[in-house]
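Here is run.tsv, consisting of TSV, C-alpha atoms:
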chain	number	residue	atom	x	y	z
A	1	MET	CA	51.85	-17.19	60.95
A	2	SER	CA	48.31	-15.94	60.47
A	3	GLN	CA	47.84	-18.41	57.60
A	4	THR	CA	47.08	-22.06	58.17
A	5	PRO	CA	48.77	-24.83	56.14
A	6	LEU	CA	45.76	-25.32	53.84
A	7	LEU	CA	45.55	-21.61	53.15
A	8	LYS	CA	49.29	-21.34	52.47
A	9	GLN	CA	49.15	-24.27	50.06
A	10	LEU	CA	46.19	-22.78	48.23
A	11	ILE	CA	48.00	-19.44	47.88
A	12	ASP	CA	51.10	-21.28	46.67
A	13	ALA	CA	49.06	-23.22	44.13
A	14	PHE	CA	47.52	-20.03	42.71
A	15	THR	CA	50.98	-18.67	41.91
A	16	CYS	CA	51.30	-21.30	39.16
A	17	LEU	CA	48.91	-19.15	37.11
A	18	PRO	CA	50.55	-16.72	34.67
A	19	GLY	CA	50.79	-13.16	35.96
A	20	VAL	CA	49.77	-14.15	39.49
A	21	GLY	CA	52.24	-13.30	42.27
A	22	ARG	CA	51.86	-13.88	46.00
A	23	LYS	CA	49.70	-10.80	46.60
A	24	SER	CA	47.18	-11.64	43.89
A	25	ALA	CA	47.22	-15.30	44.91
A	26	GLN	CA	46.37	-14.32	48.47
A	27	ARG	CA	43.59	-12.06	47.22
A	28	MET	CA	42.15	-14.89	45.12
A	29	ALA	CA	42.24	-17.37	48.00
A	30	TYR	CA	40.60	-14.96	50.45
A	31	HIS	CA	38.03	-13.89	47.88
A	32	LEU	CA	36.86	-17.44	47.19
A	33	LEU	CA	36.86	-18.41	50.88
A	34	GLU	CA	34.98	-15.29	51.95
A	35	ARG	CA	32.55	-14.83	49.13
A	36	ASN	CA	32.40	-17.63	46.64
A	37	ARG	CA	33.07	-21.14	47.92
A	38	GLN	CA	30.77	-22.58	45.28
A	39	GLY	CA	32.76	-20.83	42.57
A	40	GLY	CA	35.94	-22.26	44.07
A	41	GLN	CA	34.56	-25.78	44.04
A	42	TRP	CA	33.34	-25.33	40.47
A	43	LEU	CA	36.76	-24.07	39.40
A	44	SER	CA	38.40	-27.05	41.11
A	45	LYS	CA	36.14	-29.48	39.28
A	46	GLN	CA	36.61	-27.84	35.87
A	47	LEU	CA	40.37	-27.72	36.34
A	48	ALA	CA	40.61	-31.39	37.22
A	49	GLU	CA	38.46	-32.37	34.27
A	50	ALA	CA	40.22	-30.17	31.71
A	51	MET	CA	43.74	-31.13	32.86
A	52	GLU	CA	42.82	-34.79	32.49
A	53	LYS	CA	40.66	-34.83	29.37
A	54	VAL	CA	41.74	-32.03	27.05
A	55	GLY	CA	44.20	-33.34	24.50
A	56	HIS	CA	45.33	-32.32	21.03
A	57	CYS	CA	43.53	-32.60	17.70
A	58	GLN	CA	45.12	-35.36	15.61
A	59	GLN	CA	45.11	-33.15	12.56
A	60	CYS	CA	45.86	-29.58	13.69
A	61	ARG	CA	47.22	-29.99	17.26
A	62	ASN	CA	44.70	-27.50	18.70
A	63	PHE	CA	43.19	-28.34	22.10
A	64	THR	CA	40.20	-30.66	22.03
A	65	GLU	CA	38.76	-33.49	24.07
A	66	GLN	CA	37.84	-35.31	20.83
A	67	ALA	CA	40.11	-36.99	18.29
A	68	LEU	CA	39.42	-34.20	15.76
A	69	CYS	CA	38.66	-30.62	16.83
A	70	GLU	CA	35.41	-28.95	15.72
A	71	LEU	CA	37.15	-26.93	13.02
A	72	CYS	CA	38.93	-29.89	11.42
A	73	ALA	CA	35.75	-31.96	11.61
A	74	ASN	CA	33.60	-29.25	10.06
A	75	PRO	CA	32.87	-30.04	6.36
A	76	LYS	CA	31.92	-26.40	5.75
A	77	ARG	CA	35.49	-25.22	6.35
A	78	ASN	CA	37.78	-25.01	3.35
A	79	GLN	CA	40.13	-27.92	4.01
A	80	GLN	CA	42.47	-26.83	1.21
A	81	LEU	CA	43.36	-23.54	2.90
A	82	MET	CA	45.58	-23.82	5.95
A	83	CYS	CA	46.66	-21.17	8.44
A	84	ILE	CA	49.68	-21.96	10.62
A	85	VAL	CA	49.67	-20.26	14.03
A	86	GLU	CA	51.75	-20.49	17.19
A	87	SER	CA	49.05	-21.11	19.79
A	88	PRO	CA	45.38	-21.95	20.42
A	89	ALA	CA	44.89	-18.34	21.55
A	90	ASP	CA	45.88	-17.25	18.02
A	91	VAL	CA	43.20	-19.54	16.58
A	92	SER	CA	40.63	-17.87	18.86
A	93	ALA	CA	41.81	-14.42	17.79
A	94	ILE	CA	41.61	-15.20	14.05
A	95	GLU	CA	38.24	-16.94	14.43
A	96	HIS	CA	37.03	-13.88	16.32
A	97	SER	CA	38.05	-11.67	13.39
A	98	GLY	CA	35.75	-13.74	11.14
A	99	SER	CA	38.19	-13.40	8.25
A	100	PHE	CA	39.23	-17.00	7.70
A	101	SER	CA	37.26	-20.10	6.83
A	102	GLY	CA	39.97	-22.71	6.27
A	103	ILE	CA	41.68	-25.06	8.71
A	104	TYR	CA	44.47	-24.33	11.14
A	105	PHE	CA	47.69	-25.91	12.19
A	106	VAL	CA	48.82	-25.04	15.72
A	107	LEU	CA	52.56	-25.24	16.36
A	108	MET	CA	52.13	-24.96	20.15
A	109	GLY	CA	55.13	-22.67	20.33
A	110	HIS	CA	57.81	-21.19	18.11
A	111	LEU	CA	61.42	-22.02	17.39
A	112	SER	CA	63.46	-20.85	20.35
A	113	PRO	CA	66.83	-22.57	20.72
A	114	LEU	CA	67.50	-20.72	23.99
A	115	ASP	CA	64.42	-22.34	25.56
A	116	GLY	CA	65.30	-25.67	23.99
A	117	ILE	CA	62.37	-25.59	21.55
A	118	GLY	CA	63.50	-27.06	18.25
A	119	PRO	CA	61.71	-28.15	15.05
A	120	GLU	CA	60.89	-31.57	16.54
A	121	ASP	CA	58.66	-29.91	19.17
A	122	LEU	CA	56.48	-28.06	16.69
A	123	GLY	CA	54.94	-31.06	14.95
A	124	PHE	CA	56.28	-30.45	11.43
A	125	ASP	CA	55.87	-34.17	10.59
A	126	LEU	CA	52.17	-33.90	11.31
A	127	LEU	CA	52.05	-30.61	9.37
A	128	LEU	CA	53.46	-32.25	6.23
A	129	LYS	CA	51.18	-35.25	6.68
A	130	THR	CA	48.06	-33.08	7.04
A	131	ILE	CA	48.99	-30.94	4.02
A	132	LYS	CA	49.30	-34.07	1.91
A	133	GLN	CA	46.21	-35.79	3.31
A	134	GLN	CA	43.92	-32.76	2.87
A	135	SER	CA	45.57	-31.76	-0.46
A	136	VAL	CA	46.10	-28.29	0.95
A	137	SER	CA	46.69	-25.77	-1.83
A	138	GLU	CA	47.64	-22.67	0.17
A	139	VAL	CA	49.39	-22.26	3.49
A	140	ILE	CA	49.18	-18.91	5.28
A	141	ILE	CA	52.02	-18.53	7.80
A	142	ALA	CA	50.54	-16.54	10.68
A	143	THR	CA	53.26	-16.80	13.31
A	144	GLY	CA	53.93	-13.62	15.30
A	145	SER	CA	55.96	-10.65	14.07
A	146	THR	CA	58.53	-11.30	16.78
A	147	ILE	CA	62.07	-12.51	16.19
A	148	GLU	CA	61.06	-16.09	17.07
A	149	GLY	CA	57.88	-15.84	14.98
A	150	GLU	CA	59.87	-14.65	11.97
A	151	ALA	CA	62.48	-17.36	12.39
A	152	THR	CA	59.73	-19.96	12.60
A	153	ALA	CA	58.08	-18.54	9.48
A	154	HIS	CA	61.38	-18.82	7.57
A	155	TYR	CA	61.83	-22.37	8.75
A	156	ILE	CA	58.32	-23.35	7.68
A	157	ASN	CA	58.89	-21.75	4.29
A	158	ASP	CA	62.08	-23.79	3.91
A	159	ILE	CA	60.43	-27.13	4.61
A	160	LEU	CA	57.31	-26.40	2.54
A	161	ARG	CA	59.07	-25.03	-0.56
A	162	PRO	CA	59.85	-28.52	-1.97
A	163	ILE	CA	56.12	-29.29	-2.06
A	164	ASN	CA	54.22	-27.54	-4.79
A	165	ILE	CA	51.80	-25.27	-2.84
A	166	ASN	CA	51.25	-21.56	-2.38
A	167	ILE	CA	52.97	-20.23	0.70
A	168	THR	CA	51.90	-16.80	1.98
A	169	ARG	CA	52.66	-14.72	5.05
A	170	ILE	CA	50.11	-12.47	6.80
A	171	ALA	CA	50.62	-8.77	5.97
A	172	GLN	CA	52.78	-6.77	8.33
A	173	GLY	CA	52.58	-3.00	8.62
A	174	VAL	CA	50.71	-0.17	10.29
A	175	PRO	CA	47.81	-1.50	12.42
A	176	MET	CA	44.28	-0.20	11.75
A	177	GLY	CA	43.66	3.07	13.60
A	178	GLY	CA	47.40	3.57	14.03
A	179	GLU	CA	48.74	7.10	13.79
A	180	LEU	CA	52.09	7.12	11.99
A	181	GLU	CA	53.58	9.41	14.62
A	182	TYR	CA	53.31	6.67	17.24
A	183	ILE	CA	54.33	3.66	15.15
A	184	ASP	CA	57.77	2.20	15.81
A	185	ALA	CA	60.52	2.62	13.21
A	186	ASN	CA	60.75	-1.09	12.28
A	187	THR	CA	57.04	-1.31	11.54
A	188	LEU	CA	57.14	1.89	9.49
A	189	ALA	CA	60.16	0.69	7.51
A	190	ARG	CA	58.38	-2.60	6.81
A	191	SER	CA	55.15	-0.87	5.78
A	192	ILE	CA	57.04	1.31	3.31
A	193	ALA	CA	59.17	-1.53	1.92
A	194	GLU	CA	56.05	-3.63	1.38
A	195	ARG	CA	53.85	-0.85	-0.02
A	196	ARG	CA	51.36	-2.02	-2.60
A	197	ALA	CA	49.56	-0.53	-5.61
A	198	VAL	CA	46.43	1.44	-4.72
A	199	ASP	CA	43.41	-0.59	-5.79
A	200	TYR	CA	40.49	1.74	-5.18
B	1	MET	CA	33.86	-22.18	17.97
B	2	SER	CA	37.55	-22.89	18.28
B	3	GLN	CA	37.06	-23.74	21.96
B	4	THR	CA	35.63	-27.05	23.09
B	5	PRO	CA	32.99	-27.28	25.87
B	6	LEU	CA	35.53	-28.30	28.55
B	7	LEU	CA	37.81	-25.44	27.60
B	8	LYS	CA	34.95	-22.92	27.60
B	9	GLN	CA	33.79	-24.10	31.02
B	10	LEU	CA	37.31	-23.85	32.43
B	11	ILE	CA	37.69	-20.30	31.09
B	12	ASP	CA	34.27	-19.43	32.54
B	13	ALA	CA	35.26	-20.88	35.90
B	14	PHE	CA	38.46	-18.81	36.02
B	15	THR	CA	36.44	-15.59	35.71
B	16	CYS	CA	35.10	-16.16	39.25
B	17	LEU	CA	38.53	-15.04	40.49
B	18	PRO	CA	38.84	-11.36	41.43
B	19	GLY	CA	40.41	-9.20	38.74
B	20	VAL	CA	40.23	-11.96	36.13
B	21	GLY	CA	38.28	-11.17	32.95
B	22	ARG	CA	37.77	-13.37	29.89
B	23	LYS	CA	41.16	-12.56	28.35
B	24	SER	CA	43.15	-13.42	31.49
B	25	ALA	CA	40.98	-16.47	32.10
B	26	GLN	CA	41.75	-17.72	28.60
B	27	ARG	CA	45.44	-17.07	29.14
B	28	MET	CA	45.38	-19.03	32.42
B	29	ALA	CA	43.57	-22.00	30.87
B	30	TYR	CA	45.91	-22.16	27.87
B	31	HIS	CA	48.97	-21.72	30.06
B	32	LEU	CA	48.09	-24.63	32.33
B	33	LEU	CA	47.06	-26.90	29.44
B	34	GLU	CA	50.16	-26.10	27.40
B	35	ARG	CA	52.80	-25.90	30.05
B	36	ASN	CA	51.76	-26.96	33.50
B	37	ARG	CA	49.11	-29.68	33.76
B	38	GLN	CA	50.58	-30.86	37.04
B	39	GLY	CA	50.26	-27.36	38.47
B	40	GLY	CA	46.66	-27.29	37.33
B	41	GLN	CA	45.89	-30.59	39.00
B	42	TRP	CA	47.61	-29.43	42.17
B	43	LEU	CA	45.61	-26.19	42.15
B	44	SER	CA	42.40	-28.17	41.65
B	45	LYS	CA	43.20	-30.38	44.63
B	46	GLN	CA	44.16	-27.51	46.93
B	47	LEU	CA	41.05	-25.57	45.94
B	48	ALA	CA	38.73	-28.48	46.68
B	49	GLU	CA	40.35	-29.11	50.03
B	50	ALA	CA	40.43	-25.48	51.16
B	51	MET	CA	36.86	-24.74	50.07
B	52	GLU	CA	35.67	-27.72	52.06
B	53	LYS	CA	37.83	-27.61	55.17
B	54	VAL	CA	38.78	-24.01	55.92
B	55	GLY	CA	36.34	-22.53	58.44
B	56	HIS	CA	36.43	-19.71	60.95
B	57	CYS	CA	38.20	-19.47	64.32
B	58	GLN	CA	35.65	-19.71	67.14
B	59	GLN	CA	37.26	-16.81	68.90
B	60	CYS	CA	38.43	-14.31	66.29
B	61	ARG	CA	36.61	-15.37	63.09
B	62	ASN	CA	39.87	-15.57	61.08
B	63	PHE	CA	40.22	-18.43	58.61
B	64	THR	CA	41.43	-21.71	60.05
B	65	GLU	CA	40.83	-25.42	59.62
B	66	GLN	CA	41.02	-25.87	63.43
B	67	ALA	CA	38.56	-24.75	66.11
B	68	LEU	CA	40.96	-22.03	67.27
B	69	CYS	CA	43.40	-20.29	64.93
B	70	GLU	CA	47.14	-20.38	65.63
B	71	LEU	CA	47.19	-16.84	66.96
B	72	CYS	CA	44.31	-17.31	69.41
B	73	ALA	CA	45.77	-20.63	70.56
B	74	ASN	CA	49.26	-19.17	71.08
B	75	PRO	CA	49.90	-18.57	74.81
B	76	LYS	CA	52.75	-16.18	73.95
B	77	ARG	CA	50.35	-13.65	72.42
B	78	ASN	CA	48.98	-10.96	74.72
B	79	GLN	CA	45.36	-12.08	75.04
B	80	GLN	CA	44.36	-8.83	76.75
B	81	LEU	CA	45.21	-6.68	73.73
B	82	MET	CA	42.81	-6.98	70.79
B	83	CYS	CA	43.05	-5.55	67.30
B	84	ILE	CA	39.82	-5.40	65.27
B	85	VAL	CA	40.30	-5.63	61.50
B	86	GLU	CA	38.06	-6.03	58.50
B	87	SER	CA	39.60	-9.05	56.80
B	88	PRO	CA	42.11	-11.92	57.07
B	89	ALA	CA	44.32	-10.04	54.62
B	90	ASP	CA	44.55	-7.21	57.19
B	91	VAL	CA	45.72	-9.72	59.80
B	92	SER	CA	48.46	-10.87	57.40
B	93	ALA	CA	49.49	-7.27	56.74
B	94	ILE	CA	49.72	-6.35	60.45
B	95	GLU	CA	51.53	-9.60	61.30
B	96	HIS	CA	53.94	-8.85	58.48
B	97	SER	CA	54.70	-5.44	60.04
B	98	GLY	CA	55.76	-7.24	63.23
B	99	SER	CA	54.30	-4.44	65.35
B	100	PHE	CA	51.56	-6.24	67.23
B	101	SER	CA	51.61	-9.17	69.60
B	102	GLY	CA	48.01	-9.36	70.82
B	103	ILE	CA	45.01	-11.17	69.41
B	104	TYR	CA	42.78	-10.18	66.52
B	105	PHE	CA	39.12	-10.02	65.80
B	106	VAL	CA	38.20	-10.28	62.14
B	107	LEU	CA	34.90	-8.67	61.15
B	108	MET	CA	34.91	-10.31	57.70
B	109	GLY	CA	33.65	-7.11	56.13
B	110	HIS	CA	32.52	-3.63	57.11
B	111	LEU	CA	29.17	-1.96	57.65
B	112	SER	CA	27.72	-1.27	54.22
B	113	PRO	CA	23.95	-0.84	54.17
B	114	LEU	CA	23.93	-0.53	50.37
B	115	ASP	CA	25.41	-4.03	50.07
B	116	GLY	CA	23.06	-5.31	52.78
B	117	ILE	CA	25.87	-5.79	55.32
B	118	GLY	CA	24.58	-4.83	58.76
B	119	PRO	CA	25.91	-5.24	62.32
B	120	GLU	CA	24.52	-8.78	62.55
B	121	ASP	CA	26.91	-9.90	59.78
B	122	LEU	CA	30.07	-8.70	61.51
B	123	GLY	CA	29.95	-10.96	64.56
B	124	PHE	CA	29.63	-8.31	67.25
B	125	ASP	CA	28.05	-10.85	69.65
B	126	LEU	CA	31.17	-12.99	69.40
B	127	LEU	CA	33.32	-9.85	69.74
B	128	LEU	CA	31.66	-8.92	73.06
B	129	LYS	CA	31.86	-12.52	74.26
B	130	THR	CA	35.57	-12.79	73.43
B	131	ILE	CA	36.35	-9.46	75.09
B	132	LYS	CA	34.67	-10.66	78.28
B	133	GLN	CA	36.14	-14.17	78.17
B	134	GLN	CA	39.73	-13.04	77.61
B	135	SER	CA	39.35	-9.99	79.92
B	136	VAL	CA	40.61	-7.80	77.09
B	137	SER	CA	41.86	-4.46	78.46
B	138	GLU	CA	42.48	-2.55	75.21
B	139	VAL	CA	40.84	-2.73	71.84
B	140	ILE	CA	42.59	-1.19	68.82
B	141	ILE	CA	40.14	-0.45	66.04
B	142	ALA	CA	42.05	-1.05	62.80
B	143	THR	CA	39.30	-0.86	60.20
B	144	GLY	CA	40.22	0.95	56.98
B	145	SER	CA	40.31	4.70	56.52
B	146	THR	CA	37.47	4.48	54.03
B	147	ILE	CA	33.94	5.78	54.57
B	148	GLU	CA	32.73	2.29	55.46
B	149	GLY	CA	35.77	1.62	57.64
B	150	GLU	CA	35.18	4.85	59.57
B	151	ALA	CA	31.47	4.12	59.99
B	152	THR	CA	32.32	0.66	61.28
B	153	ALA	CA	34.88	2.14	63.68
B	154	HIS	CA	32.26	4.52	65.05
B	155	TYR	CA	29.77	1.71	65.46
B	156	ILE	CA	32.30	-0.45	67.31
B	157	ASN	CA	33.14	2.47	69.59
B	158	ASP	CA	29.42	2.88	70.37
B	159	ILE	CA	28.89	-0.73	71.37
B	160	LEU	CA	32.14	-1.02	73.34
B	161	ARG	CA	31.83	2.24	75.29
B	162	PRO	CA	29.48	0.75	77.93
B	163	ILE	CA	32.16	-1.80	78.87
B	164	ASN	CA	35.06	-0.40	80.81
B	165	ILE	CA	38.02	-0.91	78.42
B	166	ASN	CA	40.45	1.29	76.53
B	167	ILE	CA	39.35	1.88	72.96
B	168	THR	CA	41.93	3.22	70.51
B	169	ARG	CA	42.05	3.82	66.77
B	170	ILE	CA	45.14	3.33	64.59
B	171	ALA	CA	46.82	6.63	63.67
B	172	GLN	CA	45.80	8.23	60.42
B	173	GLY	CA	47.97	10.73	58.57
B	174	VAL	CA	50.82	11.04	56.11
B	175	PRO	CA	52.23	7.59	55.18
B	176	MET	CA	55.94	6.92	55.73
B	177	GLY	CA	57.99	8.14	52.78
B	178	GLY	CA	55.10	10.34	51.64
B	179	GLU	CA	55.96	13.72	50.16
B	180	LEU	CA	53.43	16.34	51.28
B	181	GLU	CA	53.11	17.67	47.74
B	182	TYR	CA	51.50	14.41	46.61
B	183	ILE	CA	49.28	13.67	49.63
B	184	ASP	CA	45.55	14.22	49.16
B	185	ALA	CA	43.84	17.12	50.93
B	186	ASN	CA	41.77	14.97	53.32
B	187	THR	CA	44.81	13.13	54.60
B	188	LEU	CA	46.74	16.36	55.04
B	189	ALA	CA	43.84	17.99	56.89
B	190	ARG	CA	43.62	14.95	59.17
B	191	SER	CA	47.35	14.90	59.83
B	192	ILE	CA	47.30	18.55	60.83
B	193	ALA	CA	44.17	18.26	62.98
B	194	GLU	CA	45.68	15.29	64.81
B	195	ARG	CA	49.20	16.68	65.17
B	196	ARG	CA	50.95	15.61	68.33
B	197	ALA	CA	53.61	16.99	70.62
B	198	VAL	CA	57.15	16.33	69.44
B	199	ASP	CA	58.68	13.71	71.74
B	200	TYR	CA	62.26	13.53	70.59

How would this structure read if it were set down as structure tokens?
Amino acid sequence: MSQTPLLKQLIDAFTCLPGVGRKSAQRMAYHLLERNRQGGQWLSKQLAEAMEKVGHCQQCRNFTEQALCELCANPKRNQQLMCIVESPADVSAIEHSGSFSGIYFVLMGHLSPLDGIGPEDLGFDLLLKTIKQQSVSEVIIATGSTIEGEATAHYINDILRPININITRIAQGVPMGGELEYIDANTLARSIAERRAVDY
Amino acid sequence: MSQTPLLKQLIDAFTCLPGVGRKSAQRMAYHLLERNRQGGQWLSKQLAEAMEKVGHCQQCRNFTEQALCELCANPKRNQQLMCIVESPADVSAIEHSGSFSGIYFVLMGHLSPLDGIGPEDLGFDLLLKTIKQQSVSEVIIATGSTIEGEATAHYINDILRPININITRIAQGVPMGGELEYIDANTLARSIAERRAVDY
């Protein structure tokens, strides 16, 4: 009863954020009201604008408020090399690694029959269209190493095999800095099965 | 570069929330854009409204969009018993415990010279005025058991002593369910120094 309707609604609204329960939501609401009303107003404005204006790139499905995202529109990127990822966050992570200079295709999810996500939700029509249009010569499948990521990778391989392009999968194995002692059995098994010739 | 201006600004804006760094902010932005645009719009609306309309109760300084908060305006509450707390979250916590039926006074902070928070910021004028107006007979000082909370409690005791009312402090000691083995030395020392006669 110590919370007024407006305050309760604000706390409620904060719980729509991932990883935010009632306690954190309350802390956020109080924090902004006590110490940062300007920040709260700014956040409100940015939210409204982004929710309304941010759409999907017509070529790669990544988030953008333009028709084409900056990466697809950039003539310096190698348009013949395509990396398929599950989410925009994956694009950020790969861009951050500075190891890729081609274009992306963002599935916006992975195959997950239990959640009702089938092939028609992942934009495979657009994928095939873009591959043809840009005469893509190699596709790197960079979905996650989870069960759903693997299933999605298999599915993509199946639909791309009829076209004559190189299909590769990102390497899976022991992460950099990983001590074998602490690596899980599946990863170790994979890293041994996929061992490669020493080249140094 | 994989994030558009609107997206970058939204992620920036999310970092004004307590405990939210760039990674969580990015996750929140992507989550709302991918899966819950309605929730994002609702949050934006609630934020704008709360930041603009939620003010402070004229009597206890707690958050409210009215002149008087629900607790101060409630004739069923014991207006002669006052509990002084640091923040609105403390009011929620005490109300949740169901152990208090008086009115509150919310300092909206604690004395902290290093952060530039002095007595003039904690509304002591209003505190004295409310005590007189409501003929408060007992004041329970429920500031935290931190250094700043203790200093604030001492300060409140100093300014209230000249008026003829009961001044009490919430009990400090071993928390319920606490095993002595795991309680810190200061708390143990306090709980022994303030031991009380067994009354059962």

At most 12 Å from (51.6, -30.0, 0.8), file frame, all atoms listed in the file: which residues, as a PyMOL selection string? chain A and resi 80-82+124-139+156-157+159-167

Skipping near chain neighbours, those fewer than 4 positions away, what residues fall within 7 Å of segment 30-47 of chain A using all atoms listed in the file, listed as a list in words?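 The residues that qualify are Gln26 and Met51 of chain A; Gln9, Leu10, Ala13, Phe14, Cys16, Pro18, Gly40, Gln41, Ser44, Lys45, Leu47, Ala48 and Met51 of chain B.
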
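Shown here are all protein and nucleic acid residues lying within 7 Å of (43.6, -11.8, 69.6), with all atoms listed in the file considered: Cys60, Leu71, Cys72, Gln79, Leu81, Met82, Cys83, Gly102, Ile103, Tyr104 and Phe105 of chain B.
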
Length of the atom CA of Gly177 of chain B to atom CA of Glu86 of chain B vector [Å]: 25.1 Å

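Nearest residue to Ala89 of chain B, choosing from B:Ser112, B:Asn74, B:Gln172, B:Thr143 and counting only C-alpha atoms: B:Thr143.
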
From the set A:Met108, A:Leu188, A:Ala142, A:Ala73, which residue has the shortest atom-to-atom contact distance to chain B, counting only C-alpha atoms?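 Of the candidates, the smallest distance to chain B is held by A:Met108.
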
Using only C-alpha atoms, which of A:Ser92, A:Val54, A:Gly98, A:Ile140 sits nearest Lys23 of chain B?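 Closest to Lys23 of chain B, using only C-alpha atoms: A:Ser92.
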
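You can rank B:Leu180, B:Ala25, B:Leu68, B:Ile84 by their closest distance to Gly149 of chain B using all atoms listed in the file, and at the top of that list sits B:Ile84.
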
Which is closer to chain B than all the others in A:Val85, A:His154, A:Gln59, A:Glu95, using only C-alpha atoms?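 With only C-alpha atoms as the atom set, the closest residue is A:Glu95.
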
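Distances to chain B were evaluated for A:Cys57, A:Lys76, A:Pro88, A:Leu111 using all atoms listed in the file, and the minimum falls at A:Pro88.
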
If I take atom CA of Glu70 of chain A and atom CA of Gln58 of chain A, how far is one from the other in Å, to one decimal? 11.6 Å

Please list as a PyMOL selection string every residue within 12 Å of Glu194 of chain B, counting only C-alpha atoms and excluding residues in the same chain fewer than 2 positions away. chain B and resi 170-174+187-192+196-197

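One finds atom CA of Arg27 of chain B at 20.4 Å from atom CA of Ile117 of chain A.
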
Since the input is missing atoms for segment 115-128 of chain A, could you rebuild it with N, CA, C and O atoms and give the result as a JSON list (two decimals), in the coordinates of the input?
[["chain", "number", "residue", "atom", "x", "y", "z"],
["A", 115, "ASP", "N", 65.32, -21.63, 24.65],
["A", 115, "ASP", "CA", 64.42, -22.34, 25.56],
["A", 115, "ASP", "C", 64.39, -23.83, 25.24],
["A", 115, "ASP", "O", 63.56, -24.56, 25.79],
["A", 116, "GLY", "N", 65.25, -24.25, 24.33],
["A", 116, "GLY", "CA", 65.30, -25.67, 23.99],
["A", 116, "GLY", "C", 64.13, -26.12, 23.13],
["A", 116, "GLY", "O", 63.78, -27.30, 23.13],
["A", 117, "ILE", "N", 63.48, -25.19, 22.42],
["A", 117, "ILE", "CA", 62.37, -25.59, 21.55],
["A", 117, "ILE", "C", 62.88, -25.66, 20.11],
["A", 117, "ILE", "O", 63.18, -24.63, 19.49],
["A", 118, "GLY", "N", 63.01, -26.86, 19.60],
["A", 118, "GLY", "CA", 63.50, -27.06, 18.25],
["A", 118, "GLY", "C", 62.39, -27.52, 17.34],
["A", 118, "GLY", "O", 61.25, -27.67, 17.76],
["A", 119, "PRO", "N", 62.71, -27.75, 16.05],
["A", 119, "PRO", "CA", 61.71, -28.15, 15.05],
["A", 119, "PRO", "C", 60.91, -29.39, 15.47],
["A", 119, "PRO", "O", 59.73, -29.49, 15.19],
["A", 120, "GLU", "N", 61.57, -30.32, 16.19],
["A", 120, "GLU", "CA", 60.89, -31.57, 16.54],
["A", 120, "GLU", "C", 59.74, -31.34, 17.53],
["A", 120, "GLU", "O", 58.85, -32.18, 17.65],
["A", 121, "ASP", "N", 59.73, -30.18, 18.21],
["A", 121, "ASP", "CA", 58.66, -29.91, 19.17],
["A", 121, "ASP", "C", 57.44, -29.29, 18.52],
["A", 121, "ASP", "O", 56.39, -29.16, 19.16],
["A", 122, "LEU", "N", 57.57, -28.84, 17.28],
["A", 122, "LEU", "CA", 56.48, -28.06, 16.69],
["A", 122, "LEU", "C", 55.61, -28.87, 15.73],
["A", 122, "LEU", "O", 54.75, -28.33, 15.06],
["A", 123, "GLY", "N", 55.84, -30.17, 15.70],
["A", 123, "GLY", "CA", 54.94, -31.06, 14.95],
["A", 123, "GLY", "C", 55.01, -30.92, 13.44],
["A", 123, "GLY", "O", 53.99, -31.07, 12.76],
["A", 124, "PHE", "N", 56.19, -30.65, 12.88],
["A", 124, "PHE", "CA", 56.28, -30.45, 11.43],
["A", 124, "PHE", "C", 55.97, -31.73, 10.64],
["A", 124, "PHE", "O", 55.50, -31.66, 9.51],
["A", 125, "ASP", "N", 56.23, -32.91, 11.26],
["A", 125, "ASP", "CA", 55.87, -34.17, 10.59],
["A", 125, "ASP", "C", 54.37, -34.20, 10.34],
["A", 125, "ASP", "O", 53.91, -34.48, 9.23],
["A", 126, "LEU", "N", 53.62, -33.89, 11.41],
["A", 126, "LEU", "CA", 52.17, -33.90, 11.31],
["A", 126, "LEU", "C", 51.70, -32.84, 10.32],
["A", 126, "LEU", "O", 50.76, -33.06, 9.54],
["A", 127, "LEU", "N", 52.40, -31.68, 10.31],
["A", 127, "LEU", "CA", 52.05, -30.61, 9.37],
["A", 127, "LEU", "C", 52.14, -31.12, 7.94],
["A", 127, "LEU", "O", 51.20, -30.96, 7.14],
["A", 128, "LEU", "N", 53.27, -31.75, 7.60],
["A", 128, "LEU", "CA", 53.46, -32.25, 6.23],
["A", 128, "LEU", "C", 52.43, -33.32, 5.89],
["A", 128, "LEU", "O", 51.87, -33.34, 4.79]]
